[in-house]
Amino acid sequence: MSEQRFEISADGRYKIREFASERDAARAERYLSVLNVAKVGSPRLIERQGARLIMEYVDAQPLSGRLGLSGRRTLAELMAQIHGLRELDLPLEQGLAGYREQSANYLQRYIEAGLLDQSEADQLAQRLMALTPKRMFAALVHDDLHARNVLRAPAGLVLIDYAGVKALSLEHDLLNASYSLLTSVGARLYGRYSLRGYFVRSYARQSTRCVDVLKSAQYGLHFYEAFNRLRKGSNALSAWRGAKLEPAQRALEVVRLMVDQ
């Protein structure tokens, strides 16, 4: 995920967010501009200056991590509304390129952690690419939609944190969000998998397009979940040497079993 820093203007009206590169800022600018025009909950974009975005500052609290069913439905409906914005759509090739780039990054982290050698990584990469869904909805996606990135403002919900905006697929965005539910504190309240099911059902009710995205996502479900497990542990890989490698090792076994099916 892109590095980012921000500050609030002296008068408290604006948030100035600095991204790691102009490309990252430009992606976020396009994403936010589309949401602004469509009047989907988002801070008003003022302008981009190189790698910096200047936007309206929204002083509000995030949704709680302990969301009830209505909160999960709200998140699902917000994602469905964004996924319905065709202005964010990209050529399929761009979505596949992003998909492959992320996969390669995850595998490289396992090589660096000593969990894979290069030859096995190459074999896994080839087989994982064969699992790419035949139908993908390529778009600019938020890639980090969860309760802490949605503010409950007086005028309605406001989505924040555009550091992860990238060219990927709507399927990836959906599954990333549903996986976040499984790792959230509040997921224990209702049962993890039933909560995710409730989330995706609420998402699919919004439009025929969302139903199609969900069907395509199910084709690649194990792929995305496995790599989300890898990503969740990637920051701690360097600490999982020796006897502490078990969580990452289990995640890698998920991938190995999956491609052997």
# chains A, B, ... in the order shown; residues from 1 in each chain; ligands from 1
>>> residues_around(residues="Val40 of chain A", least_positions_apart="4", cutoff="12 Å", atoms="only C-alpha atoms", output="VMD selection string")
chain A and resid 31 to 36 44 77 to 85 155 to 160
>>> residues_around(residues="Pro43 of chain A", least_positions_apart="4", cutoff="7 Å", atoms="only C-alpha atoms", output="PyMOL selection string")
chain A and resi 55-58+158
>>> closest_residue(among="A:Val200, A:Leu63, A:Ala113, A:Leu170", to="Arg148 of chain A", atoms="only C-alpha atoms")
A:Leu63
>>> atom_distance(atom1="atom CA of Leu145 of chain A", atom2="atom CA of Leu175 of chain A")
10.4 Å
>>> residues_around(residues="segment 141-143 of chain A", least_positions_apart="6", cutoff="9 Å", atoms="only C-alpha atoms", output="short mmCIF file (atom, residue, chain, number, x, y, z; two decimals) with N, CA, C and O atoms, in the first residue's frame")
data_model
loop_
_atom_site.label_atom_id
_atom_site.label_comp_id
_atom_site.auth_asym_id
_atom_site.auth_seq_id
_atom_site.Cartn_x
_atom_site.Cartn_y
_atom_site.Cartn_z
N ALA A 28 -5.76 8.37 -6.93
CA ALA A 28 -6.69 8.79 -5.89
C ALA A 28 -7.52 9.98 -6.35
O ALA A 28 -8.73 10.06 -6.05
N TYR A 31 -10.26 8.70 -8.70
CA TYR A 31 -11.26 7.96 -7.92
C TYR A 31 -12.17 8.92 -7.15
O TYR A 31 -13.39 8.84 -7.20
N ILE A 82 -20.49 2.26 -5.27
CA ILE A 82 -19.24 2.64 -5.94
C ILE A 82 -18.96 1.72 -7.12
O ILE A 82 -18.55 2.18 -8.20
N HIS A 83 -19.18 0.43 -6.95
CA HIS A 83 -18.93 -0.52 -8.02
C HIS A 83 -19.87 -0.30 -9.21
O HIS A 83 -19.59 -0.79 -10.31
N LEU A 88 -15.32 4.53 -13.39
CA LEU A 88 -14.09 3.98 -12.80
C LEU A 88 -13.57 2.76 -13.56
O LEU A 88 -12.48 2.27 -13.27
N ASP A 161 -9.41 7.62 3.15
CA ASP A 161 -8.19 6.84 2.99
C ASP A 161 -8.08 6.25 1.59
O ASP A 161 -8.39 5.09 1.35
N TYR A 162 -7.56 7.06 0.67
CA TYR A 162 -7.46 6.66 -0.73
C TYR A 162 -6.04 6.23 -1.11
O TYR A 162 -5.70 6.20 -2.28
N ALA A 163 -5.24 5.86 -0.10
CA ALA A 163 -3.85 5.48 -0.38
C ALA A 163 -3.75 4.20 -1.18
O ALA A 163 -2.78 3.99 -1.90
N GLY A 164 -4.75 3.33 -1.06
CA GLY A 164 -4.65 2.03 -1.71
C GLY A 164 -5.31 1.96 -3.06
O GLY A 164 -5.37 0.89 -3.66
N VAL A 165 -5.82 3.09 -3.57
CA VAL A 165 -6.50 3.07 -4.86
C VAL A 165 -5.57 2.53 -5.94
O VAL A 165 -4.43 2.99 -6.07
N LYS A 166 -6.04 1.55 -6.69
CA LYS A 166 -5.18 0.95 -7.72
C LYS A 166 -6.03 0.33 -8.81
O LYS A 166 -7.25 0.16 -8.65
N ALA A 167 -5.39 -0.03 -9.90
CA ALA A 167 -6.05 -0.72 -10.99
C ALA A 167 -6.09 -2.20 -10.66
O ALA A 167 -5.06 -2.87 -10.67
N LEU A 168 -7.29 -2.69 -10.34
CA LEU A 168 -7.45 -4.11 -10.05
C LEU A 168 -8.83 -4.53 -10.56
O LEU A 168 -9.28 -4.07 -11.57
N SER A 169 -9.48 -5.39 -9.82
CA SER A 169 -10.81 -5.83 -10.24
C SER A 169 -11.81 -5.58 -9.13
O SER A 169 -11.46 -5.53 -7.94
N LEU A 170 -13.07 -5.40 -9.52
CA LEU A 170 -14.13 -5.24 -8.52
C LEU A 170 -14.24 -6.50 -7.66
O LEU A 170 -14.56 -6.41 -6.48
N HIS A 172 -11.78 -8.34 -6.62
CA HIS A 172 -10.76 -8.24 -5.58
C HIS A 172 -11.22 -7.28 -4.49
O HIS A 172 -11.08 -7.57 -3.30
N ASP A 173 -11.78 -6.16 -4.87
CA ASP A 173 -12.24 -5.16 -3.90
C ASP A 173 -13.31 -5.76 -2.99
O ASP A 173 -13.29 -5.58 -1.77
N LEU A 174 -14.24 -6.49 -3.58
CA LEU A 174 -15.31 -7.12 -2.82
C LEU A 174 -14.77 -8.16 -1.84
O LEU A 174 -15.12 -8.17 -0.66
N ASN A 176 -11.73 -8.52 -0.72
CA ASN A 176 -10.86 -7.90 0.28
C ASN A 176 -11.71 -7.34 1.43
O ASN A 176 -11.38 -7.49 2.60
N ALA A 177 -12.81 -6.69 1.08
CA ALA A 177 -13.69 -6.13 2.11
C ALA A 177 -14.35 -7.24 2.93
O ALA A 177 -14.43 -7.16 4.16
#
>>> atom_distance(atom1="atom CA of Phe19 of chain A", atom2="atom CA of Ala139 of chain A")
20.3 Å
>>> select_by_dssp(residues="segment 9-207 of chain A", states="helix (DSSP H, G or I)", output="CSV table (one decimal) with N, CA and C atoms, in the first residue's frame")
chain,number,residue,atom,x,y,z
A,22,GLU,N,3.5,10.8,-7.5
A,22,GLU,CA,2.4,11.5,-8.3
A,22,GLU,C,1.4,10.5,-8.9
A,23,ARG,N,1.9,9.3,-9.3
A,23,ARG,CA,1.0,8.3,-9.9
A,23,ARG,C,0.0,7.9,-8.8
A,24,ASP,N,0.4,7.6,-7.6
A,24,ASP,CA,-0.6,7.3,-6.5
A,24,ASP,C,-1.6,8.4,-6.3
A,25,ALA,N,-1.1,9.6,-6.3
A,25,ALA,CA,-2.0,10.7,-6.0
A,25,ALA,C,-2.9,10.9,-7.2
A,26,ALA,N,-2.5,10.7,-8.4
A,26,ALA,CA,-3.3,10.8,-9.6
A,26,ALA,C,-4.4,9.8,-9.6
A,27,ARG,N,-4.1,8.6,-9.2
A,27,ARG,CA,-5.2,7.5,-9.1
A,27,ARG,C,-6.2,7.9,-8.1
A,28,ALA,N,-5.8,8.4,-6.9
A,28,ALA,CA,-6.7,8.8,-5.9
A,28,ALA,C,-7.5,10.0,-6.3
A,29,GLU,N,-6.9,10.9,-7.1
A,29,GLU,CA,-7.6,12.1,-7.6
A,29,GLU,C,-8.7,11.6,-8.5
A,30,ARG,N,-8.5,10.7,-9.4
A,30,ARG,CA,-9.5,10.3,-10.4
A,30,ARG,C,-10.6,9.6,-9.6
A,31,TYR,N,-10.3,8.7,-8.7
A,31,TYR,CA,-11.3,8.0,-7.9
A,31,TYR,C,-12.2,8.9,-7.2
A,32,LEU,N,-11.5,9.9,-6.5
A,32,LEU,CA,-12.3,10.8,-5.6
A,32,LEU,C,-13.1,11.7,-6.5
A,33,SER,N,-12.6,12.1,-7.6
A,33,SER,CA,-13.4,13.0,-8.5
A,33,SER,C,-14.7,12.3,-9.0
A,34,VAL,N,-14.6,11.1,-9.4
A,34,VAL,CA,-15.8,10.3,-9.8
A,34,VAL,C,-16.8,10.2,-8.7
A,35,LEU,N,-16.3,9.9,-7.5
A,35,LEU,CA,-17.2,9.9,-6.3
A,35,LEU,C,-17.9,11.2,-6.1
A,36,ASN,N,-17.1,12.3,-6.2
A,36,ASN,CA,-17.7,13.6,-6.0
A,36,ASN,C,-18.8,13.9,-7.0
A,37,VAL,N,-18.5,13.7,-8.2
A,37,VAL,CA,-19.5,13.9,-9.3
A,37,VAL,C,-20.8,13.1,-9.1
A,38,ALA,N,-20.6,11.8,-8.7
A,38,ALA,CA,-21.7,10.9,-8.5
A,38,ALA,C,-22.4,11.2,-7.2
A,69,LEU,N,-25.6,-5.9,12.2
A,69,LEU,CA,-25.9,-6.3,10.9
A,69,LEU,C,-26.3,-5.1,10.0
A,70,SER,N,-26.9,-4.1,10.6
A,70,SER,CA,-27.3,-2.9,9.8
A,70,SER,C,-26.0,-2.2,9.3
A,71,GLY,N,-25.0,-2.2,10.1
A,71,GLY,CA,-23.7,-1.6,9.7
A,71,GLY,C,-23.1,-2.3,8.6
A,72,ARG,N,-23.1,-3.6,8.7
A,72,ARG,CA,-22.5,-4.5,7.6
A,72,ARG,C,-23.3,-4.2,6.3
A,73,ARG,N,-24.6,-4.1,6.4
A,73,ARG,CA,-25.4,-3.9,5.2
A,73,ARG,C,-25.1,-2.5,4.6
A,74,THR,N,-24.9,-1.5,5.5
A,74,THR,CA,-24.5,-0.2,5.0
A,74,THR,C,-23.2,-0.2,4.3
A,75,LEU,N,-22.2,-0.9,4.8
A,75,LEU,CA,-20.9,-1.0,4.1
A,75,LEU,C,-21.1,-1.7,2.8
A,76,ALA,N,-21.8,-2.8,2.7
A,76,ALA,CA,-22.1,-3.5,1.5
A,76,ALA,C,-22.7,-2.6,0.4
A,77,GLU,N,-23.7,-1.8,0.9
A,77,GLU,CA,-24.5,-1.0,0.0
A,77,GLU,C,-23.6,0.2,-0.6
A,78,LEU,N,-22.7,0.7,0.3
A,78,LEU,CA,-21.8,1.7,-0.1
A,78,LEU,C,-20.8,1.2,-1.2
A,79,MET,N,-20.3,0.0,-1.0
A,79,MET,CA,-19.4,-0.6,-2.0
A,79,MET,C,-20.1,-0.9,-3.3
A,80,ALA,N,-21.3,-1.4,-3.2
A,80,ALA,CA,-22.1,-1.7,-4.4
A,80,ALA,C,-22.4,-0.4,-5.1
A,81,GLN,N,-22.7,0.7,-4.4
A,81,GLN,CA,-22.9,2.0,-5.1
A,81,GLN,C,-21.7,2.4,-5.9
A,82,ILE,N,-20.5,2.3,-5.3
A,82,ILE,CA,-19.2,2.6,-5.9
A,82,ILE,C,-19.0,1.7,-7.1
A,83,HIS,N,-19.2,0.4,-6.9
A,83,HIS,CA,-18.9,-0.5,-8.0
A,83,HIS,C,-19.9,-0.3,-9.2
A,86,ARG,N,-19.6,3.3,-13.6
A,86,ARG,CA,-18.8,2.8,-14.8
A,86,ARG,C,-17.7,3.8,-15.1
A,87,GLU,N,-17.7,5.0,-14.6
A,87,GLU,CA,-16.6,6.0,-14.9
A,87,GLU,C,-15.3,5.5,-14.3
A,88,LEU,N,-15.3,4.5,-13.4
A,88,LEU,CA,-14.1,4.0,-12.8
A,88,LEU,C,-13.6,2.8,-13.6
A,92,LEU,N,-9.8,-4.4,-19.4
A,92,LEU,CA,-9.5,-5.6,-18.6
A,92,LEU,C,-8.0,-5.8,-18.4
A,93,GLU,N,-7.2,-5.5,-19.4
A,93,GLU,CA,-5.8,-5.7,-19.4
A,93,GLU,C,-5.1,-5.0,-18.1
A,94,GLN,N,-5.7,-3.8,-17.8
A,94,GLN,CA,-5.1,-3.1,-16.7
A,94,GLN,C,-5.4,-3.8,-15.4
A,95,GLY,N,-6.7,-4.4,-15.3
A,95,GLY,CA,-7.0,-5.1,-14.1
A,95,GLY,C,-6.2,-6.4,-13.9
A,96,LEU,N,-6.0,-7.1,-15.0
A,96,LEU,CA,-5.2,-8.3,-15.0
A,96,LEU,C,-3.7,-8.0,-14.6
A,97,ALA,N,-3.2,-6.8,-15.1
A,97,ALA,CA,-1.8,-6.4,-14.8
A,97,ALA,C,-1.7,-6.2,-13.3
A,98,GLY,N,-2.7,-5.5,-12.7
A,98,GLY,CA,-2.6,-5.2,-11.3
A,98,GLY,C,-2.7,-6.5,-10.5
A,99,TYR,N,-3.6,-7.4,-10.9
A,99,TYR,CA,-3.8,-8.7,-10.3
A,99,TYR,C,-2.5,-9.5,-10.2
A,100,ARG,N,-1.8,-9.5,-11.4
A,100,ARG,CA,-0.5,-10.2,-11.5
A,100,ARG,C,0.6,-9.6,-10.7
A,101,GLU,N,0.6,-8.2,-10.7
A,101,GLU,CA,1.6,-7.5,-10.0
A,101,GLU,C,1.5,-7.8,-8.5
A,102,GLN,N,0.3,-7.7,-8.0
A,102,GLN,CA,0.1,-8.0,-6.5
A,102,GLN,C,0.5,-9.5,-6.2
A,103,SER,N,0.1,-10.4,-7.0
A,103,SER,CA,0.5,-11.8,-6.8
A,103,SER,C,2.0,-12.0,-6.7
A,104,ALA,N,2.7,-11.3,-7.7
A,104,ALA,CA,4.1,-11.4,-7.7
A,104,ALA,C,4.8,-10.8,-6.4
A,105,ASN,N,4.2,-9.7,-6.0
A,105,ASN,CA,4.7,-9.1,-4.7
A,105,ASN,C,4.6,-10.0,-3.5
A,106,TYR,N,3.4,-10.7,-3.4
A,106,TYR,CA,3.2,-11.6,-2.3
A,106,TYR,C,4.2,-12.7,-2.3
A,107,LEU,N,4.3,-13.3,-3.5
A,107,LEU,CA,5.3,-14.5,-3.6
A,107,LEU,C,6.7,-14.0,-3.3
A,108,GLN,N,7.1,-12.9,-3.7
A,108,GLN,CA,8.4,-12.4,-3.4
A,108,GLN,C,8.7,-12.2,-1.9
A,109,ARG,N,7.7,-11.8,-1.2
A,109,ARG,CA,7.8,-11.6,0.2
A,109,ARG,C,8.0,-13.0,0.9
A,110,TYR,N,7.4,-14.0,0.4
A,110,TYR,CA,7.7,-15.4,0.9
A,110,TYR,C,9.1,-15.9,0.6
A,111,ILE,N,9.5,-15.5,-0.6
A,111,ILE,CA,10.9,-15.9,-0.9
A,111,ILE,C,11.9,-15.2,0.1
A,112,GLU,N,11.6,-13.9,0.3
A,112,GLU,CA,12.5,-13.2,1.3
A,112,GLU,C,12.4,-13.7,2.7
A,118,GLN,N,13.0,-19.8,-5.3
A,118,GLN,CA,12.6,-19.2,-6.5
A,118,GLN,C,11.8,-20.2,-7.5
A,119,SER,N,12.3,-21.4,-7.5
A,119,SER,CA,11.7,-22.3,-8.5
A,119,SER,C,10.3,-22.7,-8.1
A,120,GLU,N,10.0,-22.9,-6.8
A,120,GLU,CA,8.7,-23.2,-6.4
A,120,GLU,C,7.8,-21.9,-6.6
A,121,ALA,N,8.3,-20.7,-6.3
A,121,ALA,CA,7.6,-19.5,-6.5
A,121,ALA,C,7.1,-19.4,-8.0
A,122,ASP,N,8.1,-19.7,-8.9
A,122,ASP,CA,7.7,-19.6,-10.3
A,122,ASP,C,6.6,-20.6,-10.7
A,123,GLN,N,6.7,-21.8,-10.1
A,123,GLN,CA,5.6,-22.8,-10.4
A,123,GLN,C,4.3,-22.3,-9.9
A,124,LEU,N,4.3,-21.8,-8.6
A,124,LEU,CA,3.1,-21.3,-8.0
A,124,LEU,C,2.5,-20.1,-8.8
A,125,ALA,N,3.4,-19.2,-9.2
A,125,ALA,CA,2.9,-18.1,-10.0
A,125,ALA,C,2.2,-18.5,-11.3
A,126,GLN,N,2.8,-19.5,-12.0
A,126,GLN,CA,2.2,-19.9,-13.2
A,126,GLN,C,0.8,-20.5,-13.0
A,127,ARG,N,0.7,-21.3,-11.9
A,127,ARG,CA,-0.5,-22.0,-11.7
A,127,ARG,C,-1.6,-21.1,-11.1
A,128,LEU,N,-1.2,-20.1,-10.3
A,128,LEU,CA,-2.1,-19.1,-9.8
A,128,LEU,C,-2.7,-18.3,-10.9
A,129,MET,N,-1.8,-17.9,-11.9
A,129,MET,CA,-2.3,-17.1,-13.0
A,129,MET,C,-3.4,-17.9,-13.8
A,147,ALA,N,-14.7,-0.6,8.2
A,147,ALA,CA,-15.5,0.3,9.1
A,147,ALA,C,-14.7,1.5,9.5
A,148,ARG,N,-13.4,1.4,9.7
A,148,ARG,CA,-12.5,2.5,10.2
A,148,ARG,C,-12.3,3.5,9.1
A,149,ASN,N,-12.5,3.1,7.8
A,149,ASN,CA,-12.3,4.0,6.7
A,149,ASN,C,-13.6,4.7,6.2
A,170,LEU,N,-13.1,-5.4,-9.5
A,170,LEU,CA,-14.1,-5.2,-8.5
A,170,LEU,C,-14.2,-6.5,-7.7
A,171,GLU,N,-13.9,-7.7,-8.3
A,171,GLU,CA,-14.0,-8.9,-7.5
A,171,GLU,C,-13.0,-8.8,-6.3
A,172,HIS,N,-11.8,-8.3,-6.6
A,172,HIS,CA,-10.8,-8.2,-5.6
A,172,HIS,C,-11.2,-7.3,-4.5
A,173,ASP,N,-11.8,-6.2,-4.9
A,173,ASP,CA,-12.2,-5.2,-3.9
A,173,ASP,C,-13.3,-5.8,-3.0
A,174,LEU,N,-14.2,-6.5,-3.6
A,174,LEU,CA,-15.3,-7.1,-2.8
A,174,LEU,C,-14.8,-8.2,-1.8
A,175,LEU,N,-13.9,-9.0,-2.3
A,175,LEU,CA,-13.4,-10.1,-1.5
A,175,LEU,C,-12.5,-9.6,-0.4
A,176,ASN,N,-11.7,-8.5,-0.7
A,176,ASN,CA,-10.9,-7.9,0.3
A,176,ASN,C,-11.7,-7.3,1.4
A,177,ALA,N,-12.8,-6.7,1.1
A,177,ALA,CA,-13.7,-6.1,2.1
A,177,ALA,C,-14.3,-7.2,2.9
A,178,SER,N,-14.8,-8.3,2.3
A,178,SER,CA,-15.5,-9.4,3.0
A,178,SER,C,-14.5,-10.1,3.9
A,179,TYR,N,-13.2,-10.2,3.4
A,179,TYR,CA,-12.2,-10.8,4.3
A,179,TYR,C,-11.9,-10.0,5.5
A,180,SER,N,-11.9,-8.7,5.3
A,180,SER,CA,-11.7,-7.8,6.5
A,180,SER,C,-12.7,-8.0,7.6
A,181,LEU,N,-14.0,-8.4,7.2
A,181,LEU,CA,-15.0,-8.7,8.2
A,181,LEU,C,-14.6,-9.9,9.0
A,182,LEU,N,-13.9,-10.8,8.4
A,182,LEU,CA,-13.5,-12.0,9.2
A,182,LEU,C,-12.4,-11.7,10.2
A,183,THR,N,-11.7,-10.7,10.0
A,183,THR,CA,-10.6,-10.4,10.9
A,183,THR,C,-10.9,-9.2,11.8
A,185,VAL,N,-12.8,-7.2,14.9
A,185,VAL,CA,-13.2,-7.6,16.3
A,185,VAL,C,-14.7,-8.0,16.3
A,186,GLY,N,-15.5,-7.1,15.7
A,186,GLY,CA,-16.9,-7.3,15.8
A,186,GLY,C,-17.4,-8.5,15.1
A,187,ALA,N,-16.6,-9.2,14.3
A,187,ALA,CA,-17.1,-10.4,13.6
A,187,ALA,C,-17.4,-11.5,14.5
A,188,ARG,N,-16.8,-11.5,15.7
A,188,ARG,CA,-17.1,-12.6,16.7
A,188,ARG,C,-18.5,-12.5,17.2
A,189,LEU,N,-19.2,-11.3,17.1
A,189,LEU,CA,-20.5,-11.2,17.7
A,189,LEU,C,-21.5,-12.0,17.0
A,192,ARG,N,-18.3,-15.5,12.2
A,192,ARG,CA,-17.6,-14.8,11.1
A,192,ARG,C,-18.1,-15.1,9.7
A,193,TYR,N,-18.4,-16.4,9.4
A,193,TYR,CA,-18.8,-16.7,8.0
A,193,TYR,C,-20.2,-16.2,7.7
A,194,SER,N,-21.1,-16.3,8.7
A,194,SER,CA,-22.4,-15.8,8.5
A,194,SER,C,-22.5,-14.3,8.2
A,195,LEU,N,-21.5,-13.6,8.9
A,195,LEU,CA,-21.4,-12.2,8.7
A,195,LEU,C,-21.0,-11.8,7.3
A,196,ARG,N,-20.0,-12.6,6.8
A,196,ARG,CA,-19.6,-12.3,5.5
A,196,ARG,C,-20.6,-12.6,4.5
A,197,GLY,N,-21.4,-13.7,4.7
A,197,GLY,CA,-22.5,-14.1,3.8
A,197,GLY,C,-23.5,-13.0,3.8
A,198,TYR,N,-23.8,-12.4,5.0
A,198,TYR,CA,-24.8,-11.3,5.0
A,198,TYR,C,-24.3,-10.1,4.2
A,199,PHE,N,-23.0,-9.8,4.3
A,199,PHE,CA,-22.3,-8.7,3.6
A,199,PHE,C,-22.5,-8.9,2.1
A,200,VAL,N,-22.1,-10.1,1.6
A,200,VAL,CA,-22.2,-10.2,0.1
A,200,VAL,C,-23.6,-10.3,-0.4
A,201,ARG,N,-24.5,-10.8,0.4
A,201,ARG,CA,-25.9,-10.8,0.0
A,201,ARG,C,-26.5,-9.4,-0.1
A,202,SER,N,-26.1,-8.6,0.9
A,202,SER,CA,-26.5,-7.2,0.8
A,202,SER,C,-25.9,-6.5,-0.4
A,203,TYR,N,-24.7,-6.8,-0.7
A,203,TYR,CA,-24.0,-6.2,-1.9
A,203,TYR,C,-24.7,-6.6,-3.1
A,204,ALA,N,-25.0,-7.9,-3.3
A,204,ALA,CA,-25.6,-8.5,-4.5
A,204,ALA,C,-27.0,-7.9,-4.8
>>> closest_residue(among="A:His146, A:Gln49, A:Pro154, A:Ala138", to="Val213 of chain A", atoms="only C-alpha atoms")
A:Ala138
>>> select_by_dssp(residues="segment 15-58 of chain A", states="strand (DSSP E or B)", output="ChimeraX atom specification")
/A:15-19,45-49,52-56
